[in-house]
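Dropping data16.txt in here (compact mmCIF, C-alpha atoms):
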```
# COMPACT_ATOMS: atom_id res chain seq x y z
CA MET A 1 158.18 133.62 -20.15
CA LEU A 2 158.55 130.29 -21.94
CA ASP A 3 156.90 128.52 -19.02
CA ASN A 4 153.92 130.91 -19.16
CA ASN A 5 153.54 130.44 -22.91
CA PHE A 6 153.61 126.69 -22.43
CA ARG A 7 150.90 126.90 -19.79
CA LYS A 8 148.74 129.09 -22.03
CA SER A 9 149.19 126.72 -24.97
CA ARG A 10 148.30 123.76 -22.79
CA LEU A 11 145.19 125.54 -21.48
CA VAL A 12 144.02 126.40 -25.02
CA PHE A 13 144.59 122.79 -26.06
CA MET A 14 142.59 121.43 -23.10
CA ILE A 15 139.65 123.81 -23.82
CA ALA A 16 139.62 122.80 -27.49
CA LEU A 17 139.76 119.13 -26.54
CA TRP A 18 136.88 119.48 -24.07
CA ALA A 19 134.78 121.34 -26.66
CA ALA A 20 135.38 118.58 -29.20
CA ILE A 21 134.42 115.89 -26.68
CA SER A 22 131.31 117.85 -25.62
CA ASN A 23 130.18 118.21 -29.24
CA LEU A 24 130.71 114.50 -29.81
CA LEU A 25 128.65 113.68 -26.73
CA ILE A 26 125.84 115.99 -27.84
CA ILE A 27 125.77 114.54 -31.36
CA THR A 28 125.69 111.00 -30.00
CA GLU A 29 122.89 111.90 -27.56
CA VAL A 30 120.75 113.62 -30.17
CA THR A 31 121.11 110.78 -32.66
CA ALA A 32 120.08 108.23 -30.06
CA SER A 33 117.10 110.27 -28.88
CA GLU A 34 115.82 110.81 -32.42
CA GLN A 35 115.76 107.06 -32.93
CA VAL A 36 113.61 106.75 -29.80
CA VAL A 37 111.20 109.64 -30.51
CA GLN A 38 110.68 109.15 -34.23
CA THR A 39 108.82 105.84 -34.11
CA SER A 40 105.42 107.23 -35.07
CA GLU A 41 103.89 110.12 -36.99
CA LYS A 42 102.49 111.28 -33.63
CA GLN A 43 105.49 112.89 -32.01
CA VAL A 44 107.39 116.08 -31.23
CA TYR A 45 108.39 118.15 -34.25
CA GLU A 46 110.80 121.07 -34.18
CA PHE A 47 110.52 124.18 -36.35
CA THR A 48 113.52 126.42 -36.92
CA GLU A 49 114.15 129.52 -38.98
CA ARG A 50 115.75 127.29 -41.61
CA THR A 51 112.91 124.75 -41.92
CA MET A 52 110.22 127.43 -41.95
CA GLY A 53 112.20 129.53 -44.43
CA LYS A 54 112.33 126.62 -46.87
CA ILE A 55 108.61 125.85 -46.75
CA LEU A 56 107.66 129.54 -46.96
CA SER A 57 109.86 129.94 -50.03
CA ARG A 58 108.21 126.95 -51.70
CA THR A 59 104.70 128.23 -50.95
CA GLY A 60 105.42 131.83 -51.97
CA TYR A 61 105.22 133.41 -48.50
CA ARG A 62 108.90 133.91 -47.64
CA ASP A 63 108.25 137.53 -46.60
CA LEU A 64 106.33 136.36 -43.53
CA LEU A 65 109.58 135.21 -41.93
CA ASP A 66 110.90 138.63 -40.95
CA ASP A 67 113.38 139.32 -38.13
CA GLU A 68 110.67 139.54 -35.48
CA VAL A 69 109.31 136.08 -36.32
CA SER A 70 112.60 134.31 -37.00
CA ASN A 71 114.18 135.60 -33.78
CA ASN A 72 111.24 134.50 -31.62
CA MET A 73 109.61 131.46 -33.20
CA TRP A 74 108.25 130.46 -29.79
CA ASP A 75 105.76 133.35 -29.70
CA HIS A 76 104.75 133.23 -33.37
CA LEU A 77 104.20 129.52 -34.04
CA SER A 78 101.44 127.48 -32.39
CA ARG A 79 99.16 124.50 -33.06
CA ASN A 80 95.46 123.72 -32.90
CA ALA A 81 93.91 121.54 -30.19
CA ASP A 82 94.49 118.07 -31.65
CA GLY A 83 97.83 118.80 -33.32
CA THR A 84 96.64 118.53 -36.94
CA SER A 85 97.68 122.05 -37.95
CA ILE A 86 100.22 124.75 -37.11
CA ARG A 87 99.76 128.52 -37.36
CA LEU A 88 102.56 130.96 -38.18
CA MET A 89 101.49 134.45 -37.09
CA ASN A 90 103.08 137.70 -38.25
CA GLY A 91 101.40 140.46 -36.29
CA LYS A 92 103.51 143.21 -37.81
CA ASN A 93 102.32 142.35 -41.32
CA LYS A 94 98.87 141.32 -40.03
CA ARG A 95 99.04 137.96 -41.80
CA ALA A 96 99.04 134.32 -40.80
CA LEU A 97 99.55 130.96 -42.49
CA VAL A 98 97.93 127.70 -41.42
CA PHE A 99 99.64 124.44 -42.45
CA SER A 100 97.60 121.23 -41.99
CA CYS A 101 98.10 117.47 -42.04
CA ASP A 102 96.14 117.24 -45.30
CA GLY A 103 98.91 119.26 -46.95
CA SER A 104 96.83 122.41 -47.32
CA VAL A 105 98.11 125.96 -46.74
CA ARG A 106 95.64 128.67 -45.74
CA HIS A 107 96.41 132.39 -45.75
CA ILE A 108 94.63 134.62 -43.19
CA ALA A 109 94.51 138.41 -43.10
CA LEU A 110 94.64 139.51 -39.45
CA PRO A 111 92.79 142.56 -38.07
CA ASN A 112 95.69 143.51 -35.79
CA PHE A 113 98.79 142.21 -34.02
CA ASN A 114 98.38 139.62 -31.23
CA THR A 115 95.29 138.16 -32.89
CA TRP A 116 94.05 134.90 -31.36
CA LEU A 117 92.53 132.02 -33.34
CA ASP A 118 90.16 129.21 -32.40
CA ASN A 119 90.67 125.49 -33.05
CA ASN A 120 89.71 125.85 -36.72
CA SER A 121 91.99 128.89 -37.13
CA ASN A 122 89.10 131.35 -37.24
CA ILE A 123 89.76 134.80 -35.78
CA ILE A 124 88.20 135.30 -32.34
CA THR A 125 90.01 138.17 -30.57
CA TRP A 126 92.37 141.04 -31.39
CA PRO A 127 93.53 144.33 -29.82
CA ASP A 128 91.30 147.34 -30.39
CA ASN A 129 93.36 150.45 -31.10
CA SER A 130 90.41 152.74 -30.36
CA GLU A 131 90.63 151.89 -26.65
CA GLN A 132 93.85 151.48 -24.70
CA ASN A 133 94.55 147.81 -23.83
CA ALA A 134 91.07 146.74 -24.97
CA ILE A 135 90.68 143.35 -26.64
CA LYS A 136 87.91 143.06 -29.19
CA HIS A 137 85.91 139.87 -29.57
CA LEU A 138 84.44 138.65 -32.83
CA HIS A 139 80.96 138.55 -31.29
CA GLY A 140 81.12 142.06 -29.88
CA HIS A 141 82.41 141.34 -26.37
CA ALA A 142 85.29 143.31 -24.86
CA LEU A 143 87.95 141.08 -23.33
CA ALA A 144 90.65 141.83 -20.81
CA ALA A 145 94.29 141.47 -21.91
CA ILE A 146 95.05 137.83 -22.66
CA GLY A 147 97.98 136.14 -20.89
CA ALA A 148 97.46 132.69 -22.39
CA MET A 149 94.80 130.79 -24.34
CA ASP A 150 94.25 127.07 -24.74
CA PRO A 151 94.83 125.82 -28.31
CA SER A 152 91.11 125.17 -28.84
CA GLY A 153 90.35 128.87 -28.32
CA GLN A 154 87.65 128.23 -25.69
CA TYR A 155 89.38 129.48 -22.52
CA PHE A 156 91.98 132.09 -21.70
CA ILE A 157 93.87 133.54 -18.73
CA SER A 158 93.71 137.23 -17.87
CA TYR A 159 94.53 139.57 -15.01
CA PHE A 160 90.87 140.03 -14.04
CA HIS A 161 89.92 143.61 -13.14
CA ASP A 162 93.64 144.19 -12.35
CA GLU A 163 93.18 142.16 -9.17
CA TYR A 164 94.12 138.52 -9.84
CA PHE A 165 94.79 136.02 -12.61
CA ALA A 166 91.65 134.11 -13.60
CA ILE A 167 90.43 131.53 -16.09
CA LEU A 168 87.77 133.03 -18.35
CA SER A 169 85.77 131.66 -21.27
CA VAL A 170 85.82 133.34 -24.66
CA ALA A 171 82.03 132.93 -24.81
CA LYS A 172 81.45 134.79 -21.49
CA PRO A 173 84.63 136.76 -20.77
CA ASP A 174 83.15 138.85 -17.97
CA ILE A 175 82.61 135.86 -15.62
CA PRO A 176 85.72 134.38 -13.90
CA LEU A 177 85.62 130.58 -13.84
CA ALA A 178 88.52 130.05 -11.43
CA ARG A 179 91.04 132.15 -9.53
CA LEU A 180 94.63 131.14 -10.27
CA LYS A 181 97.51 130.86 -7.82
CA ILE A 182 100.04 132.14 -10.34
CA ILE A 183 101.27 135.69 -9.81
CA HIS A 184 102.83 136.66 -13.15
CA GLN A 185 102.78 135.76 -16.87
CA GLU A 186 106.32 134.42 -17.24
CA ARG A 187 106.01 131.55 -19.78
CA LEU A 188 102.38 130.96 -18.86
CA SER A 189 100.47 128.27 -20.80
CA MET A 190 97.13 126.43 -20.64
CA PHE A 191 95.69 123.33 -22.30
CA LEU A 192 92.15 121.89 -22.32
CA LYS A 193 91.86 118.09 -22.20
CA GLY A 194 88.39 116.65 -21.72
CA THR A 195 86.88 118.26 -18.61
CA LYS A 196 90.23 119.45 -17.27
CA LEU A 197 92.32 122.56 -17.81
CA TYR A 198 96.06 122.26 -17.26
CA VAL A 199 97.80 125.52 -16.36
CA PHE A 200 101.60 125.76 -16.25
CA GLY A 201 103.38 128.70 -14.67
CA TYR A 202 104.97 130.07 -11.51
CA ASP A 203 103.44 130.98 -8.16
CA ASN A 204 106.37 133.06 -6.90
CA MET A 205 108.47 135.95 -8.18
CA ALA A 206 111.75 133.99 -8.31
CA SER A 207 110.64 132.20 -11.46
CA LEU A 208 113.98 131.73 -13.19
CA GLY A 209 115.60 129.46 -10.63
CA THR A 210 112.49 127.60 -9.49
CA PRO A 211 110.72 124.66 -11.15
CA PRO A 212 107.53 125.49 -13.08
CA LYS A 213 104.30 124.31 -11.50
CA ALA A 214 101.34 122.38 -12.87
CA PHE A 215 97.83 123.39 -11.76
CA VAL A 216 95.03 121.05 -12.79
CA TYR A 217 91.48 122.43 -12.82
CA GLU A 218 88.39 120.29 -13.39
CA LYS A 219 84.99 121.37 -14.66
CA ASP A 220 82.60 121.88 -11.74
CA GLY A 221 79.21 123.06 -12.93
CA ALA A 222 79.65 126.46 -14.55
CA SER A 223 83.17 126.96 -13.14
CA PHE A 224 86.47 125.11 -12.60
CA ARG A 225 87.97 123.93 -9.31
CA LEU A 226 91.60 123.20 -8.51
CA VAL A 227 92.05 119.44 -8.05
CA GLU A 228 95.84 119.05 -8.16
CA GLU A 229 99.05 121.07 -8.13
CA PHE A 230 102.69 120.00 -8.13
CA GLU A 231 106.18 121.07 -9.15
CA ILE A 232 107.56 119.84 -12.46
CA GLN A 233 110.98 118.27 -12.20
CA ARG A 234 113.78 120.41 -13.60
CA PRO A 235 116.37 118.53 -15.68
CA SER A 236 119.16 120.30 -13.78
CA LYS A 237 119.67 122.91 -11.09
CA GLY A 238 120.58 126.51 -11.75
CA GLU A 239 119.00 129.89 -12.39
CA ALA A 240 118.53 129.44 -16.16
CA PRO A 241 114.82 129.22 -17.13
CA CYS A 242 112.95 125.96 -17.58
CA PHE A 243 109.40 126.17 -18.91
CA VAL A 244 106.59 124.11 -20.46
CA GLU A 245 106.66 124.44 -24.24
CA ASP A 246 103.68 122.22 -25.13
CA MET A 247 101.38 119.45 -23.86
CA SER A 248 100.56 116.31 -25.80
CA PRO A 249 96.94 116.15 -27.07
CA TRP A 250 96.96 112.33 -26.82
CA SER A 251 98.92 111.54 -23.63
CA ASP A 252 99.90 112.87 -20.20
CA GLU A 253 103.25 114.17 -21.44
CA ILE A 254 104.48 117.75 -21.55
CA LEU A 255 107.41 119.22 -23.43
CA LEU A 256 110.00 121.04 -21.33
CA PHE A 257 112.42 123.60 -22.74
CA LYS A 258 115.55 123.98 -20.60
CA VAL A 259 117.77 126.97 -21.20
CA TYR A 260 121.52 126.43 -20.70
CA ASP A 261 124.21 129.07 -20.52
CA TYR A 262 126.72 129.35 -23.34
CA PRO A 263 128.58 127.31 -24.55
CA SER A 264 126.07 124.57 -23.72
CA SER A 265 123.07 124.04 -26.01
CA HIS A 266 119.45 124.47 -24.91
CA LYS A 267 117.74 121.11 -24.50
CA ARG A 268 114.27 119.63 -24.71
CA TYR A 269 112.77 117.02 -22.38
CA ILE A 270 109.50 115.13 -22.01
CA PHE A 271 107.92 114.94 -18.55
CA ASN A 272 105.05 112.55 -17.79
CA LEU A 273 102.51 114.20 -15.48
CA LYS A 274 101.27 110.84 -14.13
CA THR A 275 104.45 108.81 -13.71
CA LYS A 276 106.67 111.88 -13.10
CA GLU A 277 109.23 110.34 -15.45
CA LEU A 278 111.62 112.76 -17.15
CA LYS A 279 113.41 111.82 -20.38
CA TYR A 280 115.73 113.66 -22.72
CA VAL A 281 114.49 114.38 -26.26
CA SER A 282 117.03 116.49 -28.14
CA VAL A 283 119.05 119.66 -28.37
CA ALA A 284 116.56 122.53 -28.80
CA LYS A 285 117.20 124.86 -31.74
CA GLY A 286 113.66 126.08 -32.48
CA ARG A 287 109.99 125.71 -31.55
CA GLY A 288 108.82 122.25 -30.44
CA LEU A 289 105.23 121.02 -30.78
CA PHE A 290 103.32 117.75 -30.35
CA LEU A 291 101.73 117.00 -33.74
CA GLN A 292 99.75 114.19 -35.36
CA CYS A 293 101.90 114.16 -38.51
CA ASP A 294 104.93 115.61 -40.24
CA ILE A 295 103.00 118.65 -41.50
CA LEU A 296 105.77 120.26 -43.52
CA LYS A 297 106.41 116.96 -45.33
CA GLU A 298 102.70 116.70 -46.20
CA VAL A 299 102.71 120.27 -47.54
CA LYS A 300 105.82 119.58 -49.65
CA ASN A 301 104.26 116.42 -51.07
CA LYS A 302 101.13 118.31 -52.09
CA ILE A 303 102.92 121.14 -53.89
CA LYS A 304 105.26 118.92 -55.91
```
Take the structure in this file and express it as structure tokens.
Amino acid sequence: MLDNNFRKSRLVFMIALWAAISNLLIITEVTASEQVVQTSEKQVYEFTERTMGKILSRTGYRDLLDDEVSNNMWDHLSRNADGTSIRLMNGKNKRALVFSCDGSVRHIALPNFNTWLDNNSNIITWPDNSEQNAIKHLHGHALAAIGAMDPSGQYFISYFHDEYFAILSVAKPDIPLARLKIIHQERLSMFLKGTKLYVFGYDNMASLGTPPKAFVYEKDGASFRLVEEFEIQRPSKGEAPCFVEDMSPWSDEILLFKVYDYPSSHKRYIFNLKTKELKYVSVAKGRGLFLQCDILKEVKNKIK
């Protein structure tokens, strides 16, 4: 009995020691990476329930951070095309806030949940409750259900006529511009840069354990054609998800979010689409976005 107790005590001690060493390694890694990343106002910024709660309290909109938003910041916080503003959407309350690099805060009343905004944060599409699964367009068009939209609000991805995923334009949503090779919406994203559309997703059903793929489409007359596709390097093997969180408006870099099983922390990486270089950024605790400035700092400075 004494021998068993000794073994148990030793095992508990070794687990505690390993946890302490792991935490020390993580802290050291994060500190070093922050020194590398934070050399310019143009960089990756992270938004957590805590940071958003503070700024919402100071601006008088604390009620927008309900359980639905705080538990899933990834789906409720986005940016505009050039990274000069962020939009916090609360579909349940039908309200949104836009924070900009000039320190301004703009309140928007939304017509419905899952409302989509253009580059200037103007409302362009929203669900129409009068018709099942119909998406209403500001200019009177009816859109198919939206799987992803580029931050500028010009193009979106939809399951066209329930047959295949396609790239469509908001201006002419009934004309497919390209047929996509992806087969489901798991962490699907799209970004417009110049004459190219970058689509990130999966082209097989075993999405969790496989690397996400990049599909590059280039403008070709009135449509888009696929010019390049490749797998994005996963930081580590395993079945835990790894997906593209954002794409830099000013470079060829994308932000990767890598999920790790407990007790490890989720982590964030930057992957260069041209050089294929992968580098560690930080432990991931919230929503990461490429932005031109420290927007929350600019807002705080303006409301002092």
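Residue neighbourhood of Asp252 in chain A, excluding near-sequence residues (fewer than 6 positions): A:Phe271, A:Asn272, A:Leu273, A:Lys274, A:Thr275, at 9 Å, using all atoms listed in the file.
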Take the residues just selected and output them with C-alpha atoms as a PDB file, keeping the file's coordinate frame.
```pdb
ATOM      1  CA  PHE A 271     107.920 114.940 -18.550  1.00  0.00           C
ATOM      2  CA  ASN A 272     105.050 112.550 -17.790  1.00  0.00           C
ATOM      3  CA  LEU A 273     102.510 114.200 -15.480  1.00  0.00           C
ATOM      4  CA  LYS A 274     101.270 110.840 -14.130  1.00  0.00           C
ATOM      5  CA  THR A 275     104.450 108.810 -13.710  1.00  0.00           C
TER       6      THR A 275
END
```
> Could you work out how far CA of Pro151 in chain A lies from CA of Arg58 in chain A, giving the answer in Å with one decimal?
Replying inline: 27.0 Å
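We find CA of Asn119 in chain A and CA of Ser248 in chain A to be spaced 15.3 Å apart.
With only the atoms specified (all atoms listed in the file) counting, those residues at most 12 Å away from (82.7, 134.6, -19.7) are His137, His141, Ala142, Leu143, Ala144, Gln154, Tyr155, Phe156, Ile157, Ser158, Phe160, Ala166, Ile167, Leu168, Ser169, Val170, Ala171, Lys172, Pro173, Asp174, Ile175, Pro176, Leu177, Ala178, Ala222 and Ser223 of chain A.
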> Using all atoms listed in the file, which residues sit within 12 Å of Gly153 in chain A once same-chain residues fewer than 5 positions away are excluded, as a PyMOL selection string?
Replying inline: chain A and resi 78-81+115-125+137+146+148+168-171+190-192
> With all atoms listed in the file as the basis for distance, which of A:Arg225, A:Lys285, A:Lys237, A:Lys92 is at the shortest distance from Arg179 in chain A?
Replying inline: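 Using all atoms listed in the file, the shortest distance to Arg179 in chain A belongs to A:Arg225.
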>> Which residues are near Lys94 in chain A? Cut-off 8 Å, all atoms listed in the file, ignore same chain within fewer than 5 positions. Put them as a list in words.
In response: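 Listing them by chain and then by number gives Met89, Ala109, Leu110, Pro111, Asn112 and Phe113 of chain A.
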>> Just the number, please: distance in Å from CA of Ser189 in chain A to CA of Lys279 in chain A, one decimal.
In response: 20.9 Å
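Ranking A:Gly147, A:Gly53, A:Gly238, A:Gly83 by their shortest atom-to-atom distance to Val199 in chain A, with all atoms listed in the file included, puts A:Gly147 first.
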> Between A:Arg187, A:His76, A:Arg62, A:Lys302, which has the minimum distance to Gly286 in chain A (counting all atoms listed in the file)?
Replying inline: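 For Gly286 in chain A, the nearest of the candidates is A:His76.
Each of A:Ser70, A:Gln43, A:Thr51, A:Ser104 was compared to Ile303 in chain A using only C-alpha atoms, and A:Ser104 turns out to be the nearest.
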>> Show me the residues around (102.4, 116.2, -29.1) - criterion: an atom at most 7 Å away, all atoms listed in the file counted - as a PyMOL selection string.
In response: chain A and resi 42-44+83+247-249+289-291
Residues near Ile55 in chain A, cut-off 9 Å, all atoms listed in the file, skip fewer than 6 positions along chain, as a short mmCIF file (atom, residue, chain, number, x, y, z; two decimals) with C-alpha atoms, in the frame of the given file:
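Okay, this is what ended up in selection-v3.cif:
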```cif
data_model
loop_
_atom_site.label_atom_id
_atom_site.label_comp_id
_atom_site.auth_asym_id
_atom_site.auth_seq_id
_atom_site.Cartn_x
_atom_site.Cartn_y
_atom_site.Cartn_z
CA TYR A 61 105.22 133.41 -48.50
CA ARG A 62 108.90 133.91 -47.64
CA LEU A 296 105.77 120.26 -43.52
CA VAL A 299 102.71 120.27 -47.54
CA LYS A 300 105.82 119.58 -49.65
#
```
